[in-house]
Each structure stands twice: as structure tokens, then as C-alpha cells.
$ cat model_35.txt   # compact mmCIF, C-alpha atoms and all ligand atoms
# COMPACT_ATOMS: atom_id res chain seq x y z
CA MET A 17 0.00 0.00 0.00
CA LYS A 18 1.18 3.53 -0.77
CA THR A 19 2.26 5.01 2.53
CA ASN A 20 1.38 8.61 1.65
CA LEU A 21 -2.23 8.04 0.53
CA PHE A 22 -3.57 10.17 3.39
CA SER A 23 -0.79 12.75 3.44
CA LEU A 24 -1.77 16.43 3.24
CA VAL A 25 1.81 17.71 3.30
CA GLY A 26 2.10 20.96 1.32
CA LYS A 27 -1.68 21.42 1.06
CA ASN A 28 -3.48 24.55 2.22
CA ALA A 29 -6.80 24.12 4.00
CA VAL A 30 -9.54 26.45 5.20
CA VAL A 31 -11.83 25.44 8.06
CA THR A 32 -14.79 27.68 8.86
CA GLY A 33 -15.80 27.70 12.51
CA GLY A 34 -12.43 26.11 13.28
CA ASN A 35 -12.08 27.79 16.66
CA ARG A 36 -14.09 25.29 18.70
CA GLY A 37 -16.13 22.09 18.65
CA LEU A 38 -15.89 19.78 15.65
CA GLY A 39 -14.20 22.41 13.47
CA LYS A 40 -11.31 22.83 15.87
CA GLU A 41 -10.60 19.09 15.92
CA ILE A 42 -10.94 18.89 12.13
CA ALA A 43 -8.43 21.75 11.77
CA ILE A 44 -6.01 19.95 14.11
CA GLY A 45 -6.59 16.65 12.28
CA LEU A 46 -5.77 18.19 8.89
CA ALA A 47 -2.64 19.78 10.39
CA SER A 48 -1.58 16.43 11.87
CA ALA A 49 -1.68 15.05 8.31
CA GLY A 50 0.55 17.92 7.13
CA ALA A 51 -1.81 20.68 5.92
CA ASN A 52 -1.40 24.38 6.58
CA VAL A 53 -4.68 25.66 7.98
CA ALA A 54 -6.57 28.97 7.89
CA VAL A 55 -9.11 29.08 10.68
CA ILE A 56 -12.10 31.30 9.93
CA SER A 57 -14.15 32.23 12.96
CA ARG A 58 -16.21 35.13 14.18
CA THR A 59 -13.39 36.24 16.48
CA GLU A 60 -9.60 35.99 16.27
CA CYS A 61 -8.28 32.71 17.77
CA PRO A 62 -4.49 32.84 18.30
CA GLU A 63 -4.62 29.94 20.77
CA ILE A 64 -5.94 27.54 18.08
CA VAL A 65 -3.24 28.74 15.67
CA LYS A 66 -0.66 27.75 18.31
CA GLU A 67 -2.24 24.29 18.75
CA ILE A 68 -2.19 23.77 14.98
CA GLU A 69 1.41 24.96 14.55
CA VAL A 70 2.58 22.26 16.97
CA TYR A 71 2.41 20.00 13.89
CA GLY A 72 5.08 22.06 12.11
CA VAL A 73 2.62 23.61 9.64
CA LYS A 74 1.56 27.21 9.06
CA SER A 75 -1.71 28.46 10.49
CA VAL A 76 -3.54 31.78 10.34
CA SER A 77 -6.62 33.01 12.14
CA ILE A 78 -9.03 35.09 10.09
CA PRO A 79 -11.95 36.69 11.90
CA PHE A 80 -14.98 36.77 9.63
CA ASP A 81 -18.73 36.27 9.95
CA ILE A 82 -19.68 33.94 7.09
CA SER A 83 -23.23 35.28 7.04
CA ASN A 84 -21.74 38.33 5.24
CA ILE A 85 -22.10 36.65 1.88
CA ALA A 86 -21.51 39.89 -0.04
CA GLU A 87 -17.96 39.92 1.39
CA HIS A 88 -17.02 36.31 0.59
CA GLN A 89 -14.83 37.37 -2.34
CA GLN A 90 -12.83 39.66 -0.03
CA LEU A 91 -12.54 36.79 2.46
CA PHE A 92 -11.16 34.58 -0.31
CA GLU A 93 -8.59 37.22 -1.21
CA GLN A 94 -7.55 37.64 2.40
CA VAL A 95 -7.17 33.89 2.90
CA THR A 96 -5.15 33.32 -0.28
CA SER A 97 -2.91 36.34 0.35
CA ARG A 98 -2.02 34.94 3.80
CA LEU A 99 -1.85 31.21 3.06
CA GLY A 100 -1.63 30.77 -0.73
CA GLU A 101 -3.85 28.80 -3.10
CA ILE A 102 -6.44 26.76 -1.26
CA ASP A 103 -6.55 23.01 -1.86
CA ILE A 104 -9.09 22.02 0.82
CA LEU A 105 -12.21 23.86 1.99
CA VAL A 106 -14.09 22.56 5.03
CA ASN A 107 -17.46 24.29 5.42
CA ASN A 108 -17.90 23.45 9.08
CA ALA A 109 -19.42 26.59 10.66
CA GLY A 110 -23.06 26.12 11.54
CA VAL A 111 -25.79 27.36 13.85
CA GLN A 112 -28.86 25.94 15.53
CA LYS A 113 -32.18 27.42 16.73
CA ARG A 114 -34.78 25.38 18.60
CA HIS A 115 -38.50 26.23 18.79
CA PRO A 116 -41.71 24.26 18.24
CA ALA A 117 -42.41 24.51 14.50
CA VAL A 118 -45.69 26.38 14.93
CA GLU A 119 -43.92 29.17 16.82
CA PHE A 120 -40.67 29.18 14.85
CA PRO A 121 -39.74 32.85 14.31
CA GLN A 122 -39.19 33.66 10.64
CA GLU A 123 -36.01 35.59 11.47
CA ASP A 124 -34.56 32.47 13.13
CA TRP A 125 -35.45 30.41 10.04
CA GLU A 126 -33.64 32.93 7.85
CA PHE A 127 -30.64 33.16 10.22
CA VAL A 128 -30.12 29.39 10.19
CA MET A 129 -30.67 29.02 6.44
CA ASN A 130 -28.30 31.89 5.74
CA VAL A 131 -25.35 30.53 7.77
CA ASN A 132 -25.88 26.79 7.21
CA ALA A 133 -26.96 26.73 3.56
CA ASN A 134 -26.66 30.07 1.69
CA ALA A 135 -23.17 30.90 2.99
CA VAL A 136 -21.93 27.35 2.38
CA PHE A 137 -23.11 27.40 -1.24
CA SER A 138 -21.46 30.77 -1.80
CA LEU A 139 -18.14 29.63 -0.26
CA CYS A 140 -18.22 26.47 -2.42
CA LYS A 141 -18.52 28.67 -5.53
CA ILE A 142 -15.85 31.18 -4.54
CA PHE A 143 -13.23 28.69 -3.34
CA GLY A 144 -14.30 26.11 -5.95
CA LYS A 145 -13.70 28.35 -8.98
CA PRO A 146 -9.87 28.41 -8.76
CA MET A 147 -9.88 24.69 -7.87
CA LEU A 148 -11.75 24.05 -11.13
CA ALA A 149 -9.23 26.20 -13.00
CA ARG A 150 -6.38 24.08 -11.53
CA SER A 151 -8.34 20.80 -11.92
CA SER A 152 -7.67 19.99 -8.28
CA GLY A 153 -9.41 20.53 -4.97
CA LYS A 154 -11.37 19.01 -2.11
CA ILE A 155 -14.50 20.51 -0.58
CA ILE A 156 -16.01 19.00 2.54
CA ASN A 157 -19.40 20.28 3.68
CA MET A 158 -20.82 19.56 7.10
CA ALA A 159 -24.16 17.80 6.80
CA SER A 160 -25.98 16.16 9.71
CA LEU A 161 -28.22 13.28 10.69
CA LEU A 162 -30.86 15.92 10.02
CA SER A 163 -29.92 15.83 6.35
CA PHE A 164 -31.72 12.45 6.53
CA GLN A 165 -34.20 12.95 9.36
CA GLY A 166 -36.52 15.79 10.40
CA GLY A 167 -35.56 16.08 14.08
CA LEU A 168 -37.71 17.70 16.78
CA THR A 169 -38.12 21.51 17.11
CA VAL A 170 -35.32 22.16 14.59
CA PRO A 171 -37.08 22.56 11.20
CA ALA A 172 -34.75 25.29 9.91
CA TYR A 173 -31.67 23.27 10.81
CA ALA A 174 -33.10 20.16 9.12
CA ALA A 175 -33.98 22.18 6.01
CA SER A 176 -30.52 23.74 5.87
CA LYS A 177 -28.68 20.45 6.29
CA GLY A 178 -30.95 18.74 3.76
CA ALA A 179 -30.02 21.51 1.33
CA VAL A 180 -26.30 21.08 2.00
CA MET A 181 -26.40 17.34 1.28
CA GLN A 182 -28.41 17.90 -1.91
CA PHE A 183 -26.38 20.75 -3.43
CA THR A 184 -23.18 18.85 -2.59
CA LYS A 185 -24.43 16.20 -5.07
CA SER A 186 -25.29 18.93 -7.59
CA LEU A 187 -21.79 20.41 -7.37
CA ALA A 188 -20.19 16.96 -7.59
CA ASN A 189 -22.18 16.22 -10.76
CA GLU A 190 -20.69 19.30 -12.42
CA TRP A 191 -17.21 19.26 -10.87
CA ALA A 192 -16.20 15.57 -10.56
CA SER A 193 -14.92 15.42 -14.14
CA LYS A 194 -12.92 18.59 -13.48
CA GLY A 195 -10.81 17.18 -10.67
CA VAL A 196 -12.69 18.70 -7.74
CA ASN A 197 -14.22 16.44 -5.09
CA VAL A 198 -17.23 17.76 -3.19
CA ASN A 199 -18.49 15.56 -0.36
CA CYS A 200 -20.16 15.81 3.03
CA ILE A 201 -19.61 14.48 6.50
CA ALA A 202 -22.74 13.89 8.57
CA PRO A 203 -21.82 13.87 12.26
CA GLY A 204 -24.12 12.06 14.65
CA TYR A 205 -24.84 13.31 18.16
CA MET A 206 -21.59 14.97 19.22
CA ALA A 207 -20.84 16.46 22.62
CA THR A 208 -20.24 20.11 21.64
CA ASP A 209 -21.62 23.53 22.60
CA MET A 210 -24.23 23.18 19.86
CA ASN A 211 -25.89 20.32 21.75
CA GLU A 212 -25.74 21.85 25.22
CA ALA A 213 -29.56 22.06 25.42
CA LEU A 214 -29.94 18.40 24.43
CA MET A 215 -27.23 17.18 26.79
CA ASN A 216 -28.80 19.13 29.66
CA ASP A 217 -32.18 17.50 28.99
CA VAL A 218 -31.74 14.35 31.07
CA VAL A 219 -34.55 12.40 29.38
CA ARG A 220 -33.66 13.29 25.74
CA SER A 221 -29.98 12.77 26.45
CA ARG A 222 -30.66 9.25 27.79
CA GLN A 223 -33.00 8.43 24.89
CA ILE A 224 -30.37 9.54 22.38
CA MET A 225 -27.63 7.47 24.07
CA GLU A 226 -29.81 4.36 24.09
CA ARG A 227 -30.29 4.63 20.31
CA ILE A 228 -26.59 5.01 19.45
CA PRO A 229 -25.12 1.55 18.69
CA ALA A 230 -21.66 2.73 19.80
CA ASN A 231 -23.25 3.56 23.17
CA ARG A 232 -21.66 6.99 23.54
CA TRP A 233 -21.97 10.52 22.18
CA GLY A 234 -19.34 11.39 19.59
CA ASN A 235 -16.61 14.02 19.93
CA GLY A 236 -14.46 16.21 17.72
CA LYS A 237 -11.64 13.68 17.47
CA ASP A 238 -14.09 11.20 15.94
CA MET A 239 -14.33 13.56 12.95
CA GLN A 240 -10.64 13.60 12.11
CA GLY A 241 -10.39 10.33 10.15
CA ALA A 242 -13.25 11.13 7.78
CA ALA A 243 -11.99 14.70 7.29
CA ILE A 244 -8.42 13.59 6.48
CA PHE A 245 -9.77 10.89 4.16
CA LEU A 246 -12.02 13.28 2.21
CA ALA A 247 -9.23 15.90 2.04
CA SER A 248 -6.61 13.44 0.77
CA GLU A 249 -5.97 11.60 -2.47
CA ALA A 250 -7.36 8.46 -0.80
CA SER A 251 -10.84 9.77 -1.71
CA ASN A 252 -10.11 10.87 -5.29
CA TYR A 253 -12.93 8.74 -6.76
CA ILE A 254 -15.54 9.73 -4.14
CA HIS A 255 -17.92 12.45 -5.31
CA GLY A 256 -21.17 13.84 -3.93
CA PHE A 257 -21.28 11.34 -1.07
CA THR A 258 -22.12 11.88 2.60
CA ILE A 259 -20.12 9.89 5.13
CA ALA A 260 -21.97 9.49 8.43
CA VAL A 261 -19.77 9.61 11.53
CA ASP A 262 -22.59 8.73 13.87
CA GLY A 263 -21.70 5.73 16.04
CA GLY A 264 -24.10 3.69 13.90
CA TRP A 265 -27.23 5.84 14.45
CA LEU A 266 -28.46 5.77 10.85
CA GLY A 267 -28.34 1.98 10.77
CA ARG A 268 -30.94 1.61 13.52
N1 LIG B 301 -22.56 18.70 17.37
C1 LIG B 301 -23.31 17.88 16.66
O1 LIG B 301 -23.91 16.94 17.19
C2 LIG B 301 -23.45 18.04 15.19
C3 LIG B 301 -24.19 17.09 14.50
C4 LIG B 301 -24.36 17.21 13.13
C5 LIG B 301 -23.78 18.27 12.47
N2 LIG B 301 -23.07 19.19 13.15
C6 LIG B 301 -22.50 20.29 12.36
O2 LIG B 301 -21.11 20.35 12.57
C7 LIG B 301 -20.68 21.69 12.48
C8 LIG B 301 -19.91 22.06 13.74
O3 LIG B 301 -20.78 21.90 14.84
P1 LIG B 301 -20.31 21.98 16.38
O4 LIG B 301 -21.08 20.98 17.11
O5 LIG B 301 -18.84 21.98 16.45
O6 LIG B 301 -20.93 23.41 16.75
P2 LIG B 301 -20.36 24.57 17.65
O7 LIG B 301 -21.54 25.43 17.94
O8 LIG B 301 -19.55 24.06 18.79
O9 LIG B 301 -19.38 25.31 16.65
C9 LIG B 301 -19.87 25.96 15.51
C10 LIG B 301 -18.78 26.82 14.94
O10 LIG B 301 -19.31 27.58 13.85
C11 LIG B 301 -18.92 28.94 14.05
N3 LIG B 301 -19.88 29.84 13.42
C12 LIG B 301 -21.22 29.87 13.60
N4 LIG B 301 -21.75 30.87 12.89
C13 LIG B 301 -20.72 31.48 12.25
C14 LIG B 301 -20.63 32.59 11.39
N5 LIG B 301 -21.71 33.28 11.03
N6 LIG B 301 -19.41 32.95 10.92
C15 LIG B 301 -18.31 32.27 11.30
N7 LIG B 301 -18.33 31.21 12.12
C16 LIG B 301 -19.53 30.83 12.59
C17 LIG B 301 -18.88 29.10 15.57
O11 LIG B 301 -18.14 30.23 15.93
C18 LIG B 301 -18.22 27.80 15.96
O12 LIG B 301 -16.83 27.87 15.79
C19 LIG B 301 -21.93 22.53 12.25
O13 LIG B 301 -22.12 22.76 10.87
C20 LIG B 301 -23.01 21.64 12.78
O14 LIG B 301 -24.27 21.94 12.21
C21 LIG B 301 -22.89 19.11 14.50
$ encode --input "model_35.txt" --output "C-alpha cells" --more "lines below"
Ligand SMILES: NC(=O)c1ccc[n+]([C@@H]2O[C@H](COP(=O)([O-])OP(=O)(O)OC[C@H]3O[C@@H](n4cnc5c(N)ncnc54)[C@H](O)[C@@H]3O)[C@@H](O)[C@H]2O)c1
Amino acid sequence: MKTNLFSLVGKNAVVTGGNRGLGKEIAIGLASAGANVAVISRTECPEIVKEIEVYGVKSVSIPFDISNIAEHQQLFEQVTSRLGEIDILVNNAGVQKRHPAVEFPQEDWEFVMNVNANAVFSLCKIFGKPMLARSSGKIINMASLLSFQGGLTVPAYAASKGAVMQFTKSLANEWASKGVNVNCIAPGYMATDMNEALMNDVVRSRQIMERIPANRWGNGKDMQGAAIFLASEASNYIHGFTIAVDGGWLGR
């Protein structure tokens, strides 16, 4: 077997929302495989840059709110001027709002759709264009179990993650023959800030645990293998697919 199939040495990666939760561990995972990493987050995060640079790679922190879609081109220019051409884009940043559907505020629907779906599509286009010109690139979008299921009290989130999984296939259909891989990772129930409300709900938390074949909530480190795989040449013939990292949840 080729020993360097999963190597990312010399590659430049961007991880949105890479300052905490799953994104932070994905950023560290890509760095551990050799990639330089730009972390995009709402606030500057020098401490994550330090953690990433432990792997002997370059890292930069770029504060940016991805809901500012009109400024995505400027973001792209900032990222490439500080890190160089981007080989790997991980659209990880995401938000959640919980309300019973009948009371779901329209502004919350639009907030979630804008960050989780509209901004992701725009970033795919802006970072994807030069990848297409070079016939090389890897885009990883963060889907969810709620790309497959409707969930409870999270209709906007489910709609946004359904959209991400679907347009990932659309992009792959157009870009696979041009050397650009676009795929998704669908995390299961992961112990991060996003799920604080669920984890604090003793009954729902127990019910969720009982349904996970692996018998535990996931964590950020569980994401690293799939992220490195989809960012590396090991996945060159994988297009438009969603890999579930869910402890077996979808099989139940
Ligand atoms: N935790 C889970 O169980 C789970 C399950 C399925 C999918 N996901 C998805 O995985 C991704 C990461 O989730 P997490 O659990 O680490 O969540 P988290 O809330 O811990 O982290 C989300 C990250 O996105 C960033 N972010 C949010 N809005 C942003 C904006 N407008 N601009 C820039 N950055 C922004 C946050 O700052 C943070 O770094 C999300 O897309 C989420 O939907 C999480």
C-alpha cells in the first residue's frame, strides 16, 4: 500500500468555525496530516493557531462572519494572500435554533438558512472556482443526521442540512470530471456547545444514548479520520457522497 495516501503535506486548507467544537478538531486533524490551515471564525483565535502549529505547519486566524455573503470574495482574497492557493475547503461553521415549528420565528429560520446553507453554497462557488481552474481541490461540507431525518423543534436546521447534502451532489455532478471532489460528513450526536440544550435535557440525552449503537456521544476527534480521508488523495474517486460519523445511528 502507498504510505502517503492520506498525506496532506504541502496542502493549504480552510476550516470555517475552526475555533471550537468539531471544526477545531478537524483543523487539528488536517494539520496532523501535514496541511497548513486557515481558521475562519467570528473572532480571532491565536490559541488555536498555536495548537495547529505544533504540527510544524503554518496556520492563520481570520476573523470573519460567514453570514456576510456579499464579502465572501474579499474573504477569499484575504485567505489566499495569507496562506496561498487553497486546496481544501471545510465548510464546518453552523448554527442551531430550537422552537416548536408552529412558533418558529421567521427571522430564526432565515438566520439558520443563511449561515448553514446560503453561505456554504457561496463559499463552495468562490473557493471552488480556482480549484476548477487548476483541476484539483477538495471541498467537505458539514451535513448532519438531520440531512436524513426531520428532528424535533429544529425545522430550519433540518432544512438547511438537507439543502447542503443535496447541493453537494449537484456540485459533484458538475465538478467531478474537473478534478474537484465535493463531499459531506454527517456527524451524529456529538458532545459540543451546539448540543448543550440536548445534553442538559436528562430524558432526551438518555433516549439519544440508548439509540446510538456505539453507546456513547461522539466528539471532535471522531471527525478527524473522515476529514483527512475526504481531504486526501485516498478519496479521489468519491464524489457527492455523505459519510456518516454517527456511532451507527443511521443503521438503527
Ligand atoms: N454537534 C453535533 O452533534 C453536530 C451534529 C451534526 C452536524 N453538526 C454540524 O457540525 C458543524 C460544527 O458543529 P459543532 O457541534 O462543532 O458546533 P459549535 O456550535 O460548537 O461550533 C460551531 C462553529 O461555527 C462557528 N460559526 C457559527 N456561525 C458562524 C458565522 N456566522 N461565521 C463564522 N463562524 C460561525 C462558531 O463560531 C463555531 O466555531 C456545524 O455545521 C453543525 O451543524 C454538528
$ residues_around --input "model_35.txt" --residues "Gly236 of chain A" --least-positions-apart "3" --cutoff "9 Å" --atoms "only C-alpha atoms" --output "list in words"
Gly37, Leu38, Gly39, Lys40, Glu41, Ile42, Met206, Ala207, Thr208, Met239 and Gln240 of chain A
$ residues_around --input "model_35.txt" --residues "segment 161-168 of chain A" --least-positions-apart "2" --cutoff "10 Å" --atoms "all atoms listed in the file" --output "NGL selection string"
:A and (114-117 or 158-159 or 170-182 or 201-205 or 258 or 260-262 or 265-266)
$ closest_residue --input "model_35.txt" --among "A:Arg58, A:Ser75, A:Leu105, A:Thr169" --to "Val118 of chain A" --atoms "all atoms listed in the file"
A:Thr169
$ residues_around --input "model_35.txt" --residues "Pro79 of chain A" --least-positions-apart "2" --cutoff "10 Å" --atoms "only C-alpha atoms" --output "PyMOL selection string"
chain A and resi 32-33+55-61+76-77+81-82+91
$ atom_distance --input "model_35.txt" --atom1 "atom CA of Phe143 of chain A" --atom2 "atom CA of Cys200 of chain A"
16.0 Å
$ closest_residue --input "model_35.txt" --among "A:Tyr71, A:Phe92, A:Phe80, A:Trp233" --to "Gly144 of chain A" --atoms "all atoms listed in the file"
A:Phe92
$ residues_around --input "model_35.txt" --residues "Gly241 of chain A" --least-positions-apart "5" --cutoff "10 Å" --atoms "only C-alpha atoms" --output "PyMOL selection string"
chain A and resi 22+42+45-46+246-247+261
$ decode --input "model_35.txt" --residues "segment 125-205 of chain A" --atoms "C-alpha atoms" --output "JSON list (two decimals), in the first residue's frame"
[["chain", "number", "residue", "atom", "x", "y", "z"],
["A", 125, "TRP", "CA", -35.45, 30.41, 10.04],
["A", 126, "GLU", "CA", -33.64, 32.93, 7.85],
["A", 127, "PHE", "CA", -30.64, 33.16, 10.22],
["A", 128, "VAL", "CA", -30.12, 29.39, 10.19],
["A", 129, "MET", "CA", -30.67, 29.02, 6.44],
["A", 130, "ASN", "CA", -28.30, 31.89, 5.74],
["A", 131, "VAL", "CA", -25.35, 30.53, 7.77],
["A", 132, "ASN", "CA", -25.88, 26.79, 7.21],
["A", 133, "ALA", "CA", -26.96, 26.73, 3.56],
["A", 134, "ASN", "CA", -26.66, 30.07, 1.69],
["A", 135, "ALA", "CA", -23.17, 30.90, 2.99],
["A", 136, "VAL", "CA", -21.93, 27.35, 2.38],
["A", 137, "PHE", "CA", -23.11, 27.40, -1.24],
["A", 138, "SER", "CA", -21.46, 30.77, -1.80],
["A", 139, "LEU", "CA", -18.14, 29.63, -0.26],
["A", 140, "CYS", "CA", -18.22, 26.47, -2.42],
["A", 141, "LYS", "CA", -18.52, 28.67, -5.53],
["A", 142, "ILE", "CA", -15.85, 31.18, -4.54],
["A", 143, "PHE", "CA", -13.23, 28.69, -3.34],
["A", 144, "GLY", "CA", -14.30, 26.11, -5.95],
["A", 145, "LYS", "CA", -13.70, 28.35, -8.98],
["A", 146, "PRO", "CA", -9.87, 28.41, -8.76],
["A", 147, "MET", "CA", -9.88, 24.69, -7.87],
["A", 148, "LEU", "CA", -11.75, 24.05, -11.13],
["A", 149, "ALA", "CA", -9.23, 26.20, -13.00],
["A", 150, "ARG", "CA", -6.38, 24.08, -11.53],
["A", 151, "SER", "CA", -8.34, 20.80, -11.92],
["A", 152, "SER", "CA", -7.67, 19.99, -8.28],
["A", 153, "GLY", "CA", -9.41, 20.53, -4.97],
["A", 154, "LYS", "CA", -11.37, 19.01, -2.11],
["A", 155, "ILE", "CA", -14.50, 20.51, -0.58],
["A", 156, "ILE", "CA", -16.01, 19.00, 2.54],
["A", 157, "ASN", "CA", -19.40, 20.28, 3.68],
["A", 158, "MET", "CA", -20.82, 19.56, 7.10],
["A", 159, "ALA", "CA", -24.16, 17.80, 6.80],
["A", 160, "SER", "CA", -25.98, 16.16, 9.71],
["A", 161, "LEU", "CA", -28.22, 13.28, 10.69],
["A", 162, "LEU", "CA", -30.86, 15.92, 10.02],
["A", 163, "SER", "CA", -29.92, 15.83, 6.35],
["A", 164, "PHE", "CA", -31.72, 12.45, 6.53],
["A", 165, "GLN", "CA", -34.20, 12.95, 9.36],
["A", 166, "GLY", "CA", -36.52, 15.79, 10.40],
["A", 167, "GLY", "CA", -35.56, 16.08, 14.08],
["A", 168, "LEU", "CA", -37.71, 17.70, 16.78],
["A", 169, "THR", "CA", -38.12, 21.51, 17.11],
["A", 170, "VAL", "CA", -35.32, 22.16, 14.59],
["A", 171, "PRO", "CA", -37.08, 22.56, 11.20],
["A", 172, "ALA", "CA", -34.75, 25.29, 9.91],
["A", 173, "TYR", "CA", -31.67, 23.27, 10.81],
["A", 174, "ALA", "CA", -33.10, 20.16, 9.12],
["A", 175, "ALA", "CA", -33.98, 22.18, 6.01],
["A", 176, "SER", "CA", -30.52, 23.74, 5.87],
["A", 177, "LYS", "CA", -28.68, 20.45, 6.29],
["A", 178, "GLY", "CA", -30.95, 18.74, 3.76],
["A", 179, "ALA", "CA", -30.02, 21.51, 1.33],
["A", 180, "VAL", "CA", -26.30, 21.08, 2.00],
["A", 181, "MET", "CA", -26.40, 17.34, 1.28],
["A", 182, "GLN", "CA", -28.41, 17.90, -1.91],
["A", 183, "PHE", "CA", -26.38, 20.75, -3.43],
["A", 184, "THR", "CA", -23.18, 18.85, -2.59],
["A", 185, "LYS", "CA", -24.43, 16.20, -5.07],
["A", 186, "SER", "CA", -25.29, 18.93, -7.59],
["A", 187, "LEU", "CA", -21.79, 20.41, -7.37],
["A", 188, "ALA", "CA", -20.19, 16.96, -7.59],
["A", 189, "ASN", "CA", -22.18, 16.22, -10.76],
["A", 190, "GLU", "CA", -20.69, 19.30, -12.42],
["A", 191, "TRP", "CA", -17.21, 19.26, -10.87],
["A", 192, "ALA", "CA", -16.20, 15.57, -10.56],
["A", 193, "SER", "CA", -14.92, 15.42, -14.14],
["A", 194, "LYS", "CA", -12.92, 18.59, -13.48],
["A", 195, "GLY", "CA", -10.81, 17.18, -10.67],
["A", 196, "VAL", "CA", -12.69, 18.70, -7.74],
["A", 197, "ASN", "CA", -14.22, 16.44, -5.09],
["A", 198, "VAL", "CA", -17.23, 17.76, -3.19],
["A", 199, "ASN", "CA", -18.49, 15.56, -0.36],
["A", 200, "CYS", "CA", -20.16, 15.81, 3.03],
["A", 201, "ILE", "CA", -19.61, 14.48, 6.50],
["A", 202, "ALA", "CA", -22.74, 13.89, 8.57],
["A", 203, "PRO", "CA", -21.82, 13.87, 12.26],
["A", 204, "GLY", "CA", -24.12, 12.06, 14.65],
["A", 205, "TYR", "CA", -24.84, 13.31, 18.16]]
